[in-house]
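K.L.:
Enclosed is the structure file my_file_33.csv (CSV, C-alpha atoms).
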chain,number,residue,atom,x,y,z
A,1,MET,CA,-61.0,18.1,-41.3
A,2,GLY,CA,-60.0,17.5,-44.9
A,3,ASP,CA,-62.5,16.4,-47.5
A,4,GLY,CA,-61.3,14.5,-50.5
A,5,SER,CA,-58.0,12.8,-51.0
A,6,LEU,CA,-54.6,14.3,-50.4
A,7,PRO,CA,-52.9,15.7,-53.5
A,8,THR,CA,-50.1,13.5,-54.9
A,9,THR,CA,-47.0,15.6,-55.2
A,10,GLU,CA,-43.3,15.4,-54.9
A,11,PRO,CA,-41.6,16.1,-51.5
A,12,LEU,CA,-42.1,19.7,-50.3
A,13,LEU,CA,-38.4,20.7,-50.5
A,14,LEU,CA,-38.1,19.3,-54.0
A,15,THR,CA,-41.0,21.3,-55.3
A,16,THR,CA,-40.1,24.4,-57.3
A,17,PRO,CA,-41.7,27.4,-55.7
A,18,ALA,CA,-44.0,29.4,-58.0
A,19,VAL,CA,-42.7,32.7,-59.1
A,20,LEU,CA,-45.5,34.2,-61.1
A,21,THR,CA,-47.5,37.0,-59.5
A,22,GLY,CA,-50.3,35.7,-57.4
A,23,THR,CA,-49.3,32.1,-57.5
A,24,ILE,CA,-49.0,29.9,-54.3
A,25,GLU,CA,-45.6,29.4,-52.7
A,26,PRO,CA,-44.8,26.9,-49.9
A,27,GLY,CA,-43.3,28.0,-46.6
A,28,ASP,CA,-43.7,30.8,-44.1
A,29,GLY,CA,-47.1,30.0,-42.8
A,30,ASP,CA,-48.4,27.0,-44.8
A,31,GLU,CA,-48.8,25.0,-41.7
A,32,GLY,CA,-52.5,25.3,-41.1
A,33,GLY,CA,-55.1,22.6,-42.0
A,34,GLY,CA,-53.8,19.4,-43.3
A,35,SER,CA,-53.8,15.6,-43.1
A,36,GLN,CA,-55.4,14.0,-40.1
A,37,PRO,CA,-52.1,12.9,-38.6
A,38,SER,CA,-50.7,16.4,-38.7
A,39,GLU,CA,-54.0,17.8,-37.4
A,40,ARG,CA,-53.9,15.4,-34.4
A,41,PHE,CA,-50.5,16.7,-33.5
A,42,GLU,CA,-50.6,20.4,-34.3
A,43,VAL,CA,-54.0,21.3,-32.9
A,44,PRO,CA,-53.3,19.9,-29.4
A,45,PHE,CA,-49.8,21.3,-29.5
A,46,LEU,CA,-51.1,24.8,-30.2
A,47,PHE,CA,-53.8,24.5,-27.7
A,48,VAL,CA,-51.3,23.5,-24.9
A,49,VAL,CA,-49.1,26.5,-25.9
A,50,PHE,CA,-52.1,28.8,-25.7
A,51,VAL,CA,-53.2,27.7,-22.3
A,52,LEU,CA,-49.7,27.6,-20.8
A,53,GLY,CA,-48.8,30.9,-22.4
A,54,VAL,CA,-51.9,32.7,-21.2
A,55,VAL,CA,-51.6,31.4,-17.6
A,56,GLY,CA,-47.8,31.9,-17.4
A,57,ASN,CA,-47.7,35.4,-18.9
A,58,PHE,CA,-50.7,36.5,-16.7
A,59,PHE,CA,-48.6,35.7,-13.7
A,60,VAL,CA,-45.6,37.6,-15.2
A,61,LEU,CA,-47.7,40.6,-15.9
A,62,VAL,CA,-49.2,40.6,-12.4
A,63,VAL,CA,-45.9,40.0,-10.6
A,64,TYR,CA,-43.7,42.4,-12.4
A,65,SER,CA,-46.2,45.2,-12.6
A,66,ARG,CA,-46.0,45.6,-8.8
A,67,LYS,CA,-44.7,48.9,-7.4
A,68,ARG,CA,-41.4,47.4,-6.2
A,69,TYR,CA,-40.4,46.5,-9.8
A,70,ARG,CA,-41.4,49.7,-11.6
A,71,ARG,CA,-37.9,51.2,-11.5
A,72,SER,CA,-36.2,48.0,-12.7
A,73,ASN,CA,-35.1,47.9,-16.3
A,74,ALA,CA,-35.1,44.2,-16.4
A,75,ALA,CA,-38.6,44.0,-15.0
A,76,LEU,CA,-39.8,46.5,-17.6
A,77,TYR,CA,-38.3,44.4,-20.4
A,78,ILE,CA,-39.9,41.3,-19.0
A,79,LEU,CA,-43.3,43.0,-19.0
A,80,ASN,CA,-42.7,44.1,-22.6
A,81,LEU,CA,-41.8,40.5,-23.5
A,82,ALA,CA,-45.0,39.2,-21.8
A,83,LEU,CA,-47.2,41.7,-23.6
A,84,GLY,CA,-45.6,40.6,-26.9
A,85,ASP,CA,-46.2,37.0,-26.0
A,86,MET,CA,-49.9,37.8,-25.2
A,87,LEU,CA,-50.2,39.2,-28.7
A,88,ALA,CA,-48.6,36.1,-30.1
A,89,LEU,CA,-51.0,33.9,-28.1
A,90,THR,CA,-54.0,35.8,-29.6
A,91,VAL,CA,-52.5,34.9,-33.0
A,92,VAL,CA,-52.2,31.3,-31.9
A,93,LEU,CA,-55.9,31.2,-30.8
A,94,PHE,CA,-57.1,32.3,-34.3
A,95,HIS,CA,-54.5,30.0,-35.9
A,96,ILE,CA,-56.1,27.0,-34.2
A,97,THR,CA,-59.4,27.8,-35.8
A,98,GLU,CA,-57.7,27.6,-39.2
A,99,PHE,CA,-57.6,23.9,-38.9
A,100,PHE,CA,-61.4,23.6,-38.9
A,101,LYS,CA,-63.1,24.2,-42.2
A,102,VAL,CA,-66.3,25.3,-40.4
A,103,THR,CA,-64.6,28.5,-39.4
A,104,TRP,CA,-63.4,29.5,-42.9
A,105,PRO,CA,-66.6,31.2,-44.1
A,106,THR,CA,-66.5,33.6,-41.1
A,107,LEU,CA,-63.0,34.0,-39.7
A,108,TRP,CA,-61.1,33.4,-42.9
A,109,ARG,CA,-63.6,34.5,-45.5
A,110,THR,CA,-61.7,37.4,-47.1
A,111,ASP,CA,-58.1,38.2,-48.0
A,112,LEU,CA,-58.2,41.0,-45.4
A,113,GLN,CA,-58.9,38.6,-42.5
A,114,CYS,CA,-56.1,36.4,-43.7
A,115,LYS,CA,-53.6,39.3,-44.1
A,116,VAL,CA,-54.5,40.9,-40.7
A,117,HIS,CA,-53.8,37.6,-38.9
A,118,ARG,CA,-50.5,37.0,-40.6
A,119,TYR,CA,-49.5,40.6,-40.1
A,120,PHE,CA,-49.9,40.4,-36.3
A,121,ARG,CA,-48.2,37.1,-36.3
A,122,PHE,CA,-45.0,38.7,-37.7
A,123,VAL,CA,-45.5,41.7,-35.5
A,124,ALA,CA,-45.3,39.3,-32.5
A,125,PHE,CA,-42.1,37.7,-34.0
A,126,ASP,CA,-40.5,41.1,-34.5
A,127,LEU,CA,-41.4,42.2,-31.0
A,128,THR,CA,-39.5,39.3,-29.6
A,129,VAL,CA,-36.3,39.8,-31.5
A,130,PHE,CA,-36.2,43.6,-31.0
A,131,ASN,CA,-36.8,43.1,-27.2
A,132,MET,CA,-33.8,40.6,-27.2
A,133,VAL,CA,-31.5,43.2,-28.7
A,134,ALA,CA,-32.7,46.0,-26.3
A,135,ILE,CA,-32.3,43.7,-23.3
A,136,ALA,CA,-28.8,42.7,-24.3
A,137,ILE,CA,-27.7,46.3,-24.7
A,138,ASP,CA,-29.3,47.2,-21.4
A,139,ARG,CA,-27.5,44.3,-19.6
A,140,TYR,CA,-24.2,45.2,-21.3
A,141,PHE,CA,-24.2,48.6,-19.8
A,142,ALA,CA,-25.4,47.4,-16.4
A,143,VAL,CA,-22.6,44.9,-16.2
A,144,VAL,CA,-19.7,46.4,-18.2
A,145,HIS,CA,-20.3,50.1,-17.5
A,146,PRO,CA,-22.4,50.3,-14.3
A,147,LEU,CA,-21.8,54.0,-13.6
A,148,ARG,CA,-22.8,55.1,-17.1
A,149,PHE,CA,-25.8,52.7,-16.8
A,150,ARG,CA,-27.0,54.5,-13.7
A,151,LEU,CA,-27.0,57.8,-15.5
A,152,MET,CA,-28.2,56.8,-19.0
A,153,PHE,CA,-30.6,53.9,-18.6
A,154,THR,CA,-33.3,55.3,-16.3
A,155,ALA,CA,-36.7,53.6,-15.9
A,156,ARG,CA,-38.3,56.5,-17.8
A,157,ARG,CA,-36.0,56.0,-20.8
A,158,THR,CA,-36.5,52.3,-20.7
A,159,LYS,CA,-40.3,52.8,-21.0
A,160,VAL,CA,-39.7,55.0,-24.0
A,161,ILE,CA,-37.5,52.3,-25.5
A,162,CYS,CA,-40.3,49.7,-25.0
A,163,VAL,CA,-42.7,51.9,-26.9
A,164,VAL,CA,-40.2,52.3,-29.7
A,165,ILE,CA,-39.8,48.6,-29.9
A,166,TRP,CA,-43.6,48.2,-30.5
A,167,VAL,CA,-43.5,50.9,-33.2
A,168,LEU,CA,-40.5,49.3,-35.0
A,169,ALA,CA,-42.2,45.9,-34.8
A,170,PHE,CA,-45.4,47.2,-36.5
A,171,MET,CA,-43.3,48.9,-39.2
A,172,ALA,CA,-41.0,45.9,-39.8
A,173,ALA,CA,-44.0,43.7,-40.4
A,174,ILE,CA,-45.5,45.9,-43.1
A,175,PRO,CA,-44.3,43.8,-46.1
A,176,THR,CA,-45.7,40.5,-44.7
A,177,PRO,CA,-49.5,40.9,-45.3
A,178,PHE,CA,-48.8,41.0,-49.1
A,179,MET,CA,-47.5,37.4,-48.8
A,180,PHE,CA,-50.9,35.8,-48.0
A,181,LYS,CA,-54.3,35.2,-49.6
A,182,ALA,CA,-57.5,33.4,-48.6
A,183,ILE,CA,-57.8,30.2,-50.7
A,184,TYR,CA,-60.2,27.3,-50.3
A,185,ASN,CA,-60.1,23.7,-51.2
A,186,ASN,CA,-62.1,24.0,-54.4
A,187,ASP,CA,-60.2,27.2,-55.6
A,188,THR,CA,-57.6,26.3,-58.2
A,189,SER,CA,-57.7,29.6,-60.0
A,190,LEU,CA,-54.3,30.6,-58.7
A,191,GLY,CA,-52.5,27.4,-59.6
A,192,THR,CA,-52.1,23.9,-58.2
A,193,VAL,CA,-51.3,23.6,-54.5
A,194,THR,CA,-48.2,21.4,-54.0
A,195,TYR,CA,-47.9,21.2,-50.2
A,196,THR,CA,-46.9,17.6,-49.4
A,197,GLY,CA,-49.0,15.9,-46.8
A,198,LYS,CA,-51.4,18.9,-46.5
A,199,LEU,CA,-54.7,19.9,-48.0
A,200,PRO,CA,-55.1,23.5,-49.3
A,201,PHE,CA,-56.5,25.7,-46.6
A,202,ALA,CA,-57.8,29.1,-45.9
A,203,CYS,CA,-54.7,31.4,-45.6
A,204,LYS,CA,-51.9,30.5,-48.1
A,205,VAL,CA,-48.5,32.0,-48.9
A,206,ILE,CA,-48.3,33.6,-52.3
A,207,THR,CA,-45.8,35.5,-54.4
A,208,PRO,CA,-47.5,38.8,-54.9
A,209,PHE,CA,-45.1,41.1,-56.9
A,210,GLY,CA,-43.1,38.9,-59.2
A,211,PRO,CA,-39.9,36.8,-59.4
A,212,TRP,CA,-37.9,39.1,-57.1
A,213,TRP,CA,-40.3,38.7,-54.1
A,214,PRO,CA,-39.1,35.2,-52.9
A,215,GLU,CA,-35.5,36.5,-52.8
A,216,PHE,CA,-36.5,39.7,-50.9
A,217,LYS,CA,-38.7,37.7,-48.5
A,218,SER,CA,-35.9,35.3,-47.7
A,219,ILE,CA,-33.3,38.0,-47.1
A,220,TYR,CA,-35.6,40.4,-45.2
A,221,LEU,CA,-37.4,38.0,-42.9
A,222,ASN,CA,-34.6,35.5,-42.2
A,223,ILE,CA,-31.4,37.4,-42.4
A,224,VAL,CA,-32.3,41.0,-41.6
A,225,LEU,CA,-34.9,40.3,-39.0
A,226,PHE,CA,-33.4,37.2,-37.5
A,227,TYR,CA,-29.7,36.5,-38.1
A,228,VAL,CA,-28.4,40.0,-37.9
A,229,PRO,CA,-30.1,40.9,-34.5
A,230,THR,CA,-29.5,37.4,-33.1
A,231,ILE,CA,-25.8,37.5,-33.9
A,232,LEU,CA,-25.5,41.0,-32.5
A,233,THR,CA,-27.2,39.9,-29.3
A,234,ALA,CA,-25.0,36.8,-29.0
A,235,VAL,CA,-21.9,38.9,-29.3
A,236,ILE,CA,-23.1,41.3,-26.6
A,237,TYR,CA,-23.8,38.4,-24.2
A,238,VAL,CA,-20.3,37.0,-24.9
A,239,ILE,CA,-18.8,40.4,-23.9
A,240,ILE,CA,-20.9,40.4,-20.7
A,241,ILE,CA,-19.7,36.9,-19.7
A,242,VAL,CA,-16.1,37.7,-20.4
A,243,THR,CA,-16.4,40.9,-18.3
A,244,ILE,CA,-17.9,39.0,-15.4
A,245,LYS,CA,-15.1,36.4,-15.4
A,246,ARG,CA,-12.5,39.2,-15.4
A,247,THR,CA,-14.1,40.9,-12.4
A,248,ILE,CA,-14.2,37.9,-10.1
A,249,ARG,CA,-10.5,38.1,-9.2
A,250,PRO,CA,-10.2,41.6,-7.8
A,251,LEU,CA,-13.1,41.2,-5.4
A,252,LYS,CA,-11.1,42.3,-2.3
A,253,LYS,CA,-8.4,44.4,-4.0
A,254,THR,CA,-8.2,48.2,-4.4
A,255,THR,CA,-9.3,49.4,-7.8
A,256,ASN,CA,-7.9,52.7,-9.3
A,257,GLY,CA,-7.2,54.1,-5.8
A,258,ARG,CA,-10.6,53.4,-4.3
A,259,SER,CA,-11.0,51.6,-1.0
A,260,ALA,CA,-11.5,47.9,-1.0
A,261,ASP,CA,-15.0,48.4,0.4
A,262,ALA,CA,-16.0,50.8,-2.4
A,263,ALA,CA,-14.6,48.4,-5.0
A,264,ASN,CA,-16.6,45.5,-3.4
A,265,VAL,CA,-19.8,47.6,-3.6
A,266,SER,CA,-19.2,48.2,-7.3
A,267,LEU,CA,-18.5,44.6,-7.9
A,268,HIS,CA,-21.6,43.6,-6.0
A,269,GLN,CA,-23.6,46.0,-8.1
A,270,ARG,CA,-22.1,44.4,-11.2
A,271,PHE,CA,-22.9,40.9,-10.0
A,272,ASN,CA,-26.5,41.9,-9.2
A,273,SER,CA,-26.9,43.1,-12.8
A,274,TRP,CA,-25.4,39.8,-13.9
A,275,LYS,CA,-28.1,37.9,-12.1
A,276,SER,CA,-30.8,39.4,-14.3
A,277,ALA,CA,-28.6,39.2,-17.4
A,278,ARG,CA,-28.1,35.4,-16.7
A,279,THR,CA,-31.9,34.9,-16.6
A,280,LEU,CA,-32.5,36.9,-19.7
A,281,LEU,CA,-29.6,35.1,-21.5
A,282,VAL,CA,-31.5,31.8,-21.0
A,283,VAL,CA,-34.6,33.6,-22.4
A,284,PHE,CA,-32.5,34.5,-25.4
A,285,VAL,CA,-31.2,31.0,-25.9
A,286,ALA,CA,-34.8,29.7,-25.8
A,287,TYR,CA,-35.7,32.2,-28.5
A,288,VAL,CA,-32.8,31.1,-30.7
A,289,VAL,CA,-33.8,27.5,-30.4
A,290,CYS,CA,-37.5,28.2,-31.2
A,291,TYR,CA,-36.9,30.5,-34.2
A,292,GLY,CA,-33.5,29.4,-35.5
A,293,PHE,CA,-34.6,26.2,-37.1
A,294,PHE,CA,-37.4,27.8,-39.1
A,295,ALA,CA,-35.2,30.7,-40.2
A,296,THR,CA,-32.4,28.4,-41.2
A,297,TYR,CA,-34.8,26.2,-43.2
A,298,ASN,CA,-36.1,29.1,-45.1
A,299,VAL,CA,-32.6,30.2,-46.1
A,300,LEU,CA,-31.5,26.7,-47.1
A,301,PHE,CA,-34.7,26.2,-49.0
A,302,ARG,CA,-33.9,29.3,-51.1
A,303,TYR,CA,-30.1,28.8,-51.6
A,304,ALA,CA,-29.5,25.0,-51.1
A,305,LYS,CA,-31.4,23.4,-53.9
A,306,GLY,CA,-32.2,19.8,-53.6
A,307,LEU,CA,-32.0,19.7,-49.8
A,308,SER,CA,-34.6,17.3,-48.4
A,309,VAL,CA,-36.2,17.6,-44.9
A,310,PRO,CA,-38.9,15.3,-43.7
A,311,PRO,CA,-42.4,17.0,-43.6
A,312,GLU,CA,-42.7,16.2,-39.9
A,313,LEU,CA,-39.5,18.1,-39.1
A,314,TYR,CA,-40.6,21.0,-41.2
A,315,ASN,CA,-44.0,21.1,-39.4
A,316,LEU,CA,-42.1,21.2,-36.0
A,317,ALA,CA,-40.0,24.1,-37.2
A,318,LEU,CA,-43.2,26.0,-38.1
A,319,LEU,CA,-44.7,25.3,-34.6
A,320,LEU,CA,-41.6,26.1,-32.5
A,321,PRO,CA,-41.9,29.9,-32.9
A,322,PHE,CA,-45.4,29.7,-31.4
A,323,ALA,CA,-44.1,27.6,-28.5
A,324,ASN,CA,-41.7,30.4,-27.6
A,325,SER,CA,-44.8,32.4,-26.4
A,326,CYS,CA,-45.2,30.1,-23.4
A,327,MET,CA,-41.6,29.4,-22.5
A,328,ASN,CA,-40.5,32.6,-20.8
A,329,PRO,CA,-42.7,32.2,-17.7
A,330,ILE,CA,-41.4,28.6,-17.4
A,331,ILE,CA,-37.9,29.8,-17.5
A,332,TYR,CA,-38.6,32.4,-14.8
A,333,SER,CA,-40.2,29.7,-12.6
A,334,PHE,CA,-37.1,27.5,-12.8
A,335,ILE,CA,-34.4,30.3,-12.4
A,336,THR,CA,-36.0,33.2,-10.5
A,337,ALA,CA,-36.6,32.5,-6.8
A,338,SER,CA,-38.6,35.7,-6.2
A,339,PHE,CA,-40.9,35.0,-9.1
A,340,ARG,CA,-41.7,31.6,-7.7
A,341,LYS,CA,-42.4,33.1,-4.3
A,342,ALA,CA,-44.6,35.9,-5.8
A,343,CYS,CA,-46.6,33.3,-7.8
A,344,ARG,CA,-47.2,31.2,-4.6
A,345,GLU,CA,-48.4,34.3,-2.8
A,346,LEU,CA,-50.9,35.0,-5.5
A,347,LEU,CA,-52.2,31.5,-5.4
A,348,CYS,CA,-52.4,31.5,-1.6
A,349,ARG,CA,-54.4,34.8,-1.2
A,350,ARG,CA,-57.8,33.2,-1.2
A,351,GLY,CA,-58.1,31.2,2.0
A,352,ARG,CA,-55.5,28.5,1.1
A,353,ARG,CA,-52.8,29.4,3.6
A,354,THR,CA,-53.3,26.2,5.5
A,355,ASP,CA,-52.2,24.1,2.5
A,356,ARG,CA,-48.7,22.8,2.6
A,357,PHE,CA,-48.0,24.5,-0.7
A,358,CYS,CA,-48.9,27.9,0.8
A,359,ARG,CA,-47.1,27.2,4.1
A,360,ASP,CA,-43.8,27.0,2.2
A,361,THR,CA,-43.9,30.5,0.8
A,362,ALA,CA,-41.1,31.5,3.1
A,363,SER,CA,-38.8,28.7,2.0
A,364,ARG,CA,-35.2,28.8,0.9
A,365,ASP,CA,-36.2,30.3,-2.4
A,366,ASP,CA,-36.6,33.5,-0.6
A,367,ALA,CA,-32.8,34.1,-0.2
A,368,LEU,CA,-32.3,37.3,-2.2
A,369,GLY,CA,-29.0,38.5,-0.8
A,370,GLN,CA,-30.4,41.3,1.4
A,371,PRO,CA,-27.1,42.8,2.5
A,372,VAL,CA,-26.1,43.4,-1.1
A,373,VAL,CA,-29.5,44.9,-1.9
A,374,LEU,CA,-29.4,47.3,1.1
A,375,LYS,CA,-25.9,48.4,0.2
A,376,LEU,CA,-27.0,49.2,-3.4
A,377,LYS,CA,-30.1,51.0,-2.2
A,378,ALA,CA,-27.9,53.2,0.0
A,379,MET,CA,-25.8,54.2,-3.0
A,380,ASN,CA,-28.8,55.1,-5.2
A,381,THR,CA,-30.1,58.5,-4.4
A,382,ASP,CA,-30.8,59.3,-8.1
A,383,ASN,CA,-33.2,57.8,-10.5
A,384,TYR,CA,-31.3,54.5,-10.7
A,385,SER,CA,-33.5,52.0,-12.4
A,386,ASN,CA,-32.1,48.8,-11.0
A,387,SER,CA,-32.1,49.3,-7.2
A,388,VAL,CA,-34.4,46.3,-6.8
A,389,SER,CA,-33.0,42.9,-6.8
A,390,PHE,CA,-35.5,40.3,-8.0
A,391,PHE,CA,-33.5,37.5,-9.7
Hey, can you dump this file as structure tokens for me?

P.N.:
Amino acid sequence: MGDGSLPTTEPLLLTTPAVLTGTIEPGDGDEGGGSQPSERFEVPFLFVVFVLGVVGNFFVLVVYSRKRYRRSNAALYILNLALGDMLALTVVLFHITEFFKVTWPTLWRTDLQCKVHRYFRFVAFDLTVFNMVAIAIDRYFAVVHPLRFRLMFTARRTKVICVVIWVLAFMAAIPTPFMFKAIYNNDTSLGTVTYTGKLPFACKVITPFGPWWPEFKSIYLNIVLFYVPTILTAVIYVIIIVTIKRTIRPLKKTTNGRSADAANVSLHQRFNSWKSARTLLVVFVAYVVCYGFFATYNVLFRYAKGLSVPPELYNLALLLPFANSCMNPIIYSFITASFRKACRELLCRRGRRTDRFCRDTASRDDALGQPVVLKLKAMNTDNYSNSVSFF
């Protein structure tokens, strides 16, 4: 897509970022539009992410919006994650157009269009991390304090929390639109572009408010909005795992004067909550892998001067957060038996029940532990939000 020769510059990580108001600064979104080798890799990568993400999250939305899951906290959070991923995939679709100069006069003509796209990009990022924290707290009470969980974490309250997560994500992303400006190849009024291996493109990172902005951006986006919630979530999951290991031993013993049968029911309830926590823990690990490298790079770029990273590795770090938008449905498909079964049922509705794929819908994946589920349902006469076992 590029016209003209590539600029001759020093390596990206050795380039001193501009600190004057309005000047261009590398990082945090300079991945669009570049040399042909990068374009050949990034455009197909983003297109595959978009297709897989839309198809996968569509199945997630259809499956977990069913009536049987409406009182399950875990299902509500999965739906919220899927909605956030759909927003991220919309951002991905417009981001793909950024690689083609023919779209610049329409889709990327003004600063407003550039800023709006980048704003929703960070909204989607924030939605993911806030959901991860809320899910970890929910699973903590479900596993560690199941009685309090039944009383406090109802489905209605969970829906309110999901709405609050969206509000917080929109608020947390407010500073990000100021970081970007629409700049074209022949526009050098704001300084020389020094992005190694790339041509200048439509939506560039800038330093809008002076020398203090890069410091604020690095701390706010990477430490406050990534490392702090990620570490908190990791600690919560460690507590959950330790609690589960400690509760394995007294499976058939009397606990605090209760009968062995009552204790077993309580333990089964705790293990049932652990099934969903285990799946969502894998979702969290995938999130850390996808976002961690990029956040770590940005922190090191600011505070570890002279560090050199190959441009290809940096480009991969920029793309991995987008890839997270299509990974959750894949995780559910590998781990969650009932999700696989529900997806097969959806695919087999339209006259395909004679296919071998459809005949296997009642396979061994359908083993959901019905005795445990029935026992839990018998205990739940109140508005308990996890009476349905689906993991």

K.L.:
Give me the residues within 9 Å of Val54 of chain A as a ChimeraX atom specification, counting only C-alpha atoms and dropping any in the same chain fewer than 6 places off.

P.N.:
/A:85-86,89,325-326

K.L.:
Using all atoms listed in the file, which residues sit within 12 Å of Arg157 of chain A once same-chain residues fewer than 6 positions away are excluded, as JSON, numbers by chain?

P.N.:
{"A": [71, 72, 73, 76, 77, 134, 138, 149, 150, 151, 163, 164, 383, 384, 385]}

K.L.:
For Gly292 of chain A, work out the shell of residues within 9 Å, counting all atoms listed in the file and skipping chain neighbours fewer than 4 positions away, then give it as a list of chain:residue names.

P.N.:
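Counting all atoms listed in the file, the residues come to A:Phe226, A:Tyr227, A:Tyr287, A:Val288, A:Thr296, A:Tyr297, A:Ala317, A:Pro321.
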
K.L.:
Tell me, as a list in words, which residues lie within 9 Å of segment 299-305 of chain A, counting all atoms listed in the file; anything in the same chain fewer than 4 positions away does not count.

P.N.:
Leu13, Leu14, Pro214, Glu215, Ser218, Ile219, Asn222, Ile223, Phe294 and Ala295 of chain A

K.L.:
Residues of the last selection are to be written out with C-alpha atoms, as a compact mmCIF listing (two decimals), keeping the file's coordinate frame.

P.N.:
# COMPACT_ATOMS: atom_id res chain seq x y z
CA LEU A 13 -38.40 20.70 -50.50
CA LEU A 14 -38.10 19.30 -54.00
CA PRO A 214 -39.10 35.20 -52.90
CA GLU A 215 -35.50 36.50 -52.80
CA SER A 218 -35.90 35.30 -47.70
CA ILE A 219 -33.30 38.00 -47.10
CA ASN A 222 -34.60 35.50 -42.20
CA ILE A 223 -31.40 37.40 -42.40
CA PHE A 294 -37.40 27.80 -39.10
CA ALA A 295 -35.20 30.70 -40.20

K.L.:
For Phe58 of chain A, which of A:Ala136, A:Phe284, A:Trp104, A:Cys343 is the closest residue, counting all atoms listed in the file?

P.N.:
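The answer is A:Cys343, which sits nearest to Phe58 of chain A.
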
K.L.:
So how far away is atom CA of Ile239 of chain A from atom CA of Ser333 of chain A, in Å?

P.N.:
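For atom CA of Ser333 of chain A relative to atom CA of Ile239 of chain A, the distance reads 26.5 Å.
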
K.L.:
Which residue is closest to Val242 of chain A? Choose from A:Tyr140, A:Phe322, A:Tyr69, A:Phe41 and count only C-alpha atoms.

P.N.:
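Between A:Tyr140, A:Phe322, A:Tyr69, A:Phe41, the residue approaching Val242 of chain A most closely is A:Tyr140.
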
K.L.:
Tell me which of A:Ile206, A:Ile165, A:Val48, A:Ala142 sits closest to Lys115 of chain A, counting only C-alpha atoms.

P.N.:
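Closest to Lys115 of chain A of all the choices is A:Ile206.
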
K.L.:
Just give me the gap between atom CA of Tyr314 of chain A and atom CA of Cys290 of chain A in Å, one decimal is fine.

P.N.:
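The value is 12.7 Å.
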
K.L.:
Please identify all polymer residues within 8 Å of Phe125 of chain A, counting all atoms listed in the file, omitting same-chain residues fewer than 4 positions from it, and present them as an MDAnalysis selection string.

P.N.:
chainID A and resid 88 121 129 321

K.L.:
Record the distance separating atom CA of Cys348 of chain A and atom CA of Val283 of chain A, expressed in Å with one decimal.

P.N.:
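Separation between atom CA of Cys348 of chain A and atom CA of Val283 of chain A: 27.5 Å.
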
K.L.:
Just checking: using all atoms listed in the file, which residue out of A:Arg148, A:Lys159, A:Arg139, A:Lys181 ends up closest to Arg278 of chain A?

P.N.:
A:Arg139

K.L.:
A:Pro311, A:Gly306, A:Pro229, A:Pro175: which is nearest Phe216 of chain A, counting all atoms listed in the file?

P.N.:
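Closest to Phe216 of chain A of all the choices is A:Pro175.
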
K.L.:
Restricting the calculation to only C-alpha atoms, which member of A:Ile331, A:Leu280, A:Leu318, A:Val224 is positioned closest to Asn57 of chain A?

P.N.:
A:Ile331
